[in-house]
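Everything on this sheet refers to the single structure shown next.
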Amino acid sequence: MDTLLFHTATAPSPSHMANKRPCPSSPPPPPPSSAASSSSSSSAFGQIDHLFDAFLSLGDSDSSPSSSSSPSRCHSIDLSFNRLLDSRDSDRDQALLIDRALRLGSAITEAAQRSARKRATKHNSVSWALPPDLTIKVFSMLDTQSLCYTAATCSLFNKCAMDPLCYTNIDLTTVVPKVNNAVVSTMIQRAGRALQSLKLGVVPGPTMSPGSSQPLVYTIRSSVDVSNFSWNDKKTRQGKESPILTRTCLSPLSADGSAAGILLRRLHLYNIERMDSASLCMALSVCPSLVDLEIVGLHVELRQLLTSVGLNCHLIERLFFESSKTGRDDSLKSPTCVELVNNCPHLTSLSLRGFKLHDCKVRTLVKGFRKLRYVDFSTSYSITGNFLRNLGSTSTGTLLEVLILRDCMHLKEMEVSRFFSAVLAGDFKCLRHVDISNKEGLASEGDWYNRSYASSVIPFKQVVEERPDICLLADFPSEGGSFSEMEQIIDSDLNSEIGLPLHHNGHMSDSSLFISSSESSYNSDQGSGNEDSHDSSYVIYEESSDELDYFPI
């Protein structure tokens, strides 16, 4: 062991010999022959080999492979090292010896780890049956988290996992905040022009299926899985980057001449509290190929978002936008609706949930998009259902497959009845899913404060019998008298950033009364009474934005 510890210290280094000046009186030494140099090099290399072999073979020196061999080996090494320490006179020499032993042990450990990784890589390259191109194809089918785990397995997998094709569909959604801007930037840079789908943010539950109306608006305070999350993590600390996405998380899309954003087709953003309208609109401006846009719980204004979509995303086919401020965003104007309809003719799915929408604006959207198949205006505060009049005879009514008007506070019982009468009359032939459930019941014709919980005028039974292909959801409270609770919810929502939860229970009405043609004015395309006179004349007025800057807590 003494020889091993002092081998490098006693052998003169080549650099030291090269820097030593020769004596002027002595003739220069002759250059060593190549055979002598090779022999000395081989001898020195063999000596190190023998030293390490003898040192590493200490465990094999035991005569019997008993379970106590390892403790006895450690004991013998301790005794040997103590004897070496005792042979040193000064305390300084003993400290140097201990330091050399520690450095030598660390060097041996690192060398062993490197060799193990090399052997594993060589083994994987030999035993892995797929060529690199097929391996990349397989890795491209993995989700983002599994791909990161795969890249950390070995050098072979890491090299294949760095291919841009593996990052075509990036999904960095989590239940609690774990992803920051640096992670997003790295993933987008790896994808480059191959990026087609990007999902970011905090999602409280699984992905929604068509027809579902479960709210996705979420804040960290409402999470059920926050046992490992501290609000101190929202503050960026020295040496530790905050796991919170900010308004600049989409900036890499515009880097390198918008290389990553130009071919992006799907963008889903969930509950990114620090995202604002300006940052989102800037990101949309570099995504001209976008066909699927889903925005949930962001503090952005509806009018600005739809304006940006109409200007930049002419190929959009699916638009899903759920407000973070249920019933308080009244920014949408009719000219914005007209521009969106004219600039985005390919839209087939439209979901605007939690906004204060009037029937005149909804009518412009629904009747303007001629390929519309999916409509969801759940928790929209001002919709009465008047926009459904005369819809069945239009191209939208002919193609419409899904209609969701869940928990719309002003949805009127008579408008729903007229709609189902049109369904029974033969309109809406492609309709497959209707949801008019309301935890507070439907509004009566005269006064919306007077709620209807068991309608006697809506022909539910006839619709179910004559149109069995339609999935009809109409859940209402079994008993009335809960309207005061709704008023409390509305008042409390003014001070809350969390959307109204959708709790529904009760029974479907057994009524099957039919509205006569003399009593129905379904085909008269009258106004709903809640339109803004300024909007109907398409005059644009100066408006002030109520956007706020959200800073770290």
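Residues in the structure tokens are named by chain (A, B, ... in the order shown) and by number from 1 within that chain; ligands are numbered from 1 in the order shown.
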- Hey, what's within 8 Å of A:Leu319 if we count only C-alpha atoms and toss same-chain stuff fewer than 6 positions away? As a list in words, please? Asp292, Leu293, Glu294, Leu347, Ser349, Leu350 and Ser351 of chain A
- Task: List the neighbours of stretch 388-401 of chain A out to 8 Å using only C-alpha atoms; skip same-chain residues closer than 4 positions along the sequence, and give me the result as an MDAnalysis selection string.
- Result: chainID A and resid 363 366:367 369:375 415 418:419 422:423 427:433 522:525
Include N, CA, C and O atoms and write out the residues we just selected as a compact mmCIF listing (two decimals), in the first residue's frame.
# COMPACT_ATOMS: atom_id res chain seq x y z
N ARG A 363 -75.00 34.15 -31.32
CA ARG A 363 -75.66 33.87 -32.60
C ARG A 363 -74.72 34.16 -33.77
O ARG A 363 -74.66 33.40 -34.75
N VAL A 366 -72.15 31.18 -33.79
CA VAL A 366 -72.69 29.85 -34.12
C VAL A 366 -73.19 29.81 -35.56
O VAL A 366 -72.96 28.82 -36.28
N LYS A 367 -73.87 30.83 -35.98
CA LYS A 367 -74.39 30.82 -37.35
C LYS A 367 -73.32 31.18 -38.37
O LYS A 367 -73.47 30.85 -39.56
N PHE A 369 -69.94 30.25 -38.32
CA PHE A 369 -69.05 29.13 -38.62
C PHE A 369 -69.86 28.00 -39.27
O PHE A 369 -70.60 27.28 -38.60
N ARG A 370 -69.69 27.81 -40.55
CA ARG A 370 -70.53 26.89 -41.31
C ARG A 370 -70.12 25.43 -41.15
O ARG A 370 -70.85 24.54 -41.60
N LYS A 371 -68.96 25.17 -40.53
CA LYS A 371 -68.52 23.79 -40.33
C LYS A 371 -68.60 23.38 -38.85
O LYS A 371 -68.07 22.33 -38.48
N LEU A 372 -69.26 24.15 -38.05
CA LEU A 372 -69.28 23.93 -36.61
C LEU A 372 -70.04 22.65 -36.27
O LEU A 372 -71.18 22.46 -36.69
N ARG A 373 -69.38 21.80 -35.46
CA ARG A 373 -69.98 20.54 -35.03
C ARG A 373 -70.08 20.44 -33.50
O ARG A 373 -70.89 19.66 -32.99
N TYR A 374 -69.27 21.18 -32.80
CA TYR A 374 -69.20 21.07 -31.34
C TYR A 374 -69.31 22.46 -30.75
O TYR A 374 -68.53 23.36 -31.10
N VAL A 375 -70.28 22.66 -29.83
CA VAL A 375 -70.52 23.96 -29.21
C VAL A 375 -70.64 23.75 -27.71
O VAL A 375 -71.41 22.90 -27.25
N GLU A 415 -87.05 28.61 -24.06
CA GLU A 415 -86.12 28.51 -25.18
C GLU A 415 -85.65 27.06 -25.35
O GLU A 415 -85.52 26.57 -26.48
N ARG A 418 -88.52 25.15 -26.99
CA ARG A 418 -88.61 25.43 -28.42
C ARG A 418 -87.51 24.70 -29.19
O ARG A 418 -87.73 24.22 -30.30
N PHE A 419 -86.34 24.63 -28.60
CA PHE A 419 -85.25 23.92 -29.26
C PHE A 419 -85.57 22.44 -29.45
O PHE A 419 -85.40 21.88 -30.54
N ALA A 422 -88.04 21.79 -32.15
CA ALA A 422 -87.42 21.79 -33.48
C ALA A 422 -86.71 20.48 -33.75
O ALA A 422 -86.72 19.97 -34.89
N VAL A 423 -86.09 19.89 -32.71
CA VAL A 423 -85.44 18.58 -32.87
C VAL A 423 -86.49 17.53 -33.26
O VAL A 423 -86.28 16.71 -34.16
N ASP A 427 -85.32 18.89 -37.35
CA ASP A 427 -84.07 19.66 -37.46
C ASP A 427 -82.97 18.98 -36.65
O ASP A 427 -83.20 18.05 -35.88
N PHE A 428 -81.75 19.45 -36.84
CA PHE A 428 -80.58 18.96 -36.10
C PHE A 428 -80.43 17.42 -36.26
O PHE A 428 -80.35 16.69 -35.28
N LYS A 429 -80.41 16.95 -37.47
CA LYS A 429 -80.36 15.51 -37.73
C LYS A 429 -79.05 14.87 -37.28
O LYS A 429 -79.01 13.67 -37.00
N CYS A 430 -77.97 15.64 -37.21
CA CYS A 430 -76.67 15.07 -36.80
C CYS A 430 -76.44 15.19 -35.30
O CYS A 430 -75.39 14.74 -34.81
N LEU A 431 -77.37 15.76 -34.57
CA LEU A 431 -77.18 15.99 -33.13
C LEU A 431 -77.07 14.66 -32.39
O LEU A 431 -77.91 13.77 -32.55
N ARG A 432 -76.03 14.54 -31.55
CA ARG A 432 -75.79 13.31 -30.80
C ARG A 432 -75.65 13.54 -29.29
O ARG A 432 -75.76 12.59 -28.53
N HIS A 433 -75.41 14.75 -28.86
CA HIS A 433 -75.19 15.00 -27.43
C HIS A 433 -75.72 16.38 -27.08
O HIS A 433 -75.33 17.38 -27.70
N TYR A 522 -90.53 29.95 -32.50
CA TYR A 522 -89.16 29.48 -32.65
C TYR A 522 -88.51 29.97 -33.93
O TYR A 522 -87.32 30.23 -33.99
N ASN A 523 -89.32 30.08 -35.01
CA ASN A 523 -88.74 30.47 -36.28
C ASN A 523 -88.63 31.97 -36.44
O ASN A 523 -88.16 32.44 -37.47
N SER A 524 -89.09 32.74 -35.44
CA SER A 524 -88.90 34.19 -35.51
C SER A 524 -87.58 34.54 -34.87
O SER A 524 -87.38 34.30 -33.68
N ASP A 525 -86.68 35.07 -35.61
CA ASP A 525 -85.31 35.32 -35.15
C ASP A 525 -85.26 36.63 -34.38
O ASP A 525 -84.64 37.60 -34.79
- Could you tell me which of A:Ile436, A:Val183, A:Ala425, A:Ala443 comes closest to A:Val463 if we count only C-alpha atoms?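 Using only C-alpha atoms, A:Val463 sits closest to A:Ala425.
Backbone DSSP over stretch 317-396 of chain A yields strand (DSSP E) at Arg318, Leu319, Phe320, Phe321, Glu322, Ser349, Leu350, Ser351, Leu352, Arg353, Tyr374, Val375 and Asp376 of chain A.
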Can you write out the residues you just picked, keeping N, CA and C atoms, as a PDB file, in the first residue's frame?
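New file again31.pdb:
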ATOM      1  N   ARG A 318     -60.144  23.996 -33.816  1.00  0.00           N
ATOM      2  CA  ARG A 318     -60.715  23.790 -32.473  1.00  0.00           C
ATOM      3  C   ARG A 318     -60.243  24.909 -31.558  1.00  0.00           C
ATOM      4  N   LEU A 319     -61.202  25.578 -30.910  1.00  0.00           N
ATOM      5  CA  LEU A 319     -60.896  26.667 -29.990  1.00  0.00           C
ATOM      6  C   LEU A 319     -61.619  26.405 -28.673  1.00  0.00           C
ATOM      7  N   PHE A 320     -60.831  26.248 -27.605  1.00  0.00           N
ATOM      8  CA  PHE A 320     -61.374  25.985 -26.272  1.00  0.00           C
ATOM      9  C   PHE A 320     -60.795  27.032 -25.335  1.00  0.00           C
ATOM     10  N   PHE A 321     -61.673  27.812 -24.711  1.00  0.00           N
ATOM     11  CA  PHE A 321     -61.223  28.878 -23.826  1.00  0.00           C
ATOM     12  C   PHE A 321     -62.120  28.895 -22.599  1.00  0.00           C
ATOM     13  N   GLU A 322     -61.528  28.608 -21.432  1.00  0.00           N
ATOM     14  CA  GLU A 322     -62.267  28.625 -20.170  1.00  0.00           C
ATOM     15  C   GLU A 322     -61.732  29.745 -19.303  1.00  0.00           C
ATOM     16  N   SER A 349     -65.008  23.231 -33.804  1.00  0.00           N
ATOM     17  CA  SER A 349     -65.290  23.053 -32.380  1.00  0.00           C
ATOM     18  C   SER A 349     -65.042  24.372 -31.658  1.00  0.00           C
ATOM     19  N   LEU A 350     -66.068  24.865 -30.951  1.00  0.00           N
ATOM     20  CA  LEU A 350     -65.975  26.145 -30.252  1.00  0.00           C
ATOM     21  C   LEU A 350     -66.469  25.966 -28.824  1.00  0.00           C
ATOM     22  N   SER A 351     -65.592  26.274 -27.855  1.00  0.00           N
ATOM     23  CA  SER A 351     -65.936  26.198 -26.438  1.00  0.00           C
ATOM     24  C   SER A 351     -65.499  27.497 -25.768  1.00  0.00           C
ATOM     25  N   LEU A 352     -66.455  28.257 -25.276  1.00  0.00           N
ATOM     26  CA  LEU A 352     -66.194  29.481 -24.517  1.00  0.00           C
ATOM     27  C   LEU A 352     -66.925  29.328 -23.189  1.00  0.00           C
ATOM     28  N   ARG A 353     -66.205  28.951 -22.153  1.00  0.00           N
ATOM     29  CA  ARG A 353     -66.820  28.588 -20.884  1.00  0.00           C
ATOM     30  C   ARG A 353     -66.498  29.618 -19.800  1.00  0.00           C
ATOM     31  N   TYR A 374     -69.265  21.178 -32.801  1.00  0.00           N
ATOM     32  CA  TYR A 374     -69.197  21.068 -31.339  1.00  0.00           C
ATOM     33  C   TYR A 374     -69.306  22.463 -30.752  1.00  0.00           C
ATOM     34  N   VAL A 375     -70.285  22.660 -29.832  1.00  0.00           N
ATOM     35  CA  VAL A 375     -70.517  23.955 -29.208  1.00  0.00           C
ATOM     36  C   VAL A 375     -70.638  23.748 -27.706  1.00  0.00           C
ATOM     37  N   ASP A 376     -69.881  24.545 -26.932  1.00  0.00           N
ATOM     38  CA  ASP A 376     -69.917  24.449 -25.472  1.00  0.00           C
ATOM     39  C   ASP A 376     -69.838  25.867 -24.897  1.00  0.00           C
TER      40      ASP A 376
END
- Task: Mind the document's chain letters and residue numbers, and return as a PyMOL selection string the residues of stretch 315-473 of chain A that DSSP labels helix (DSSP H, G or I).
- Result: chain A and resi 334-343+359-368+386-388+395-399+413-424+460-466
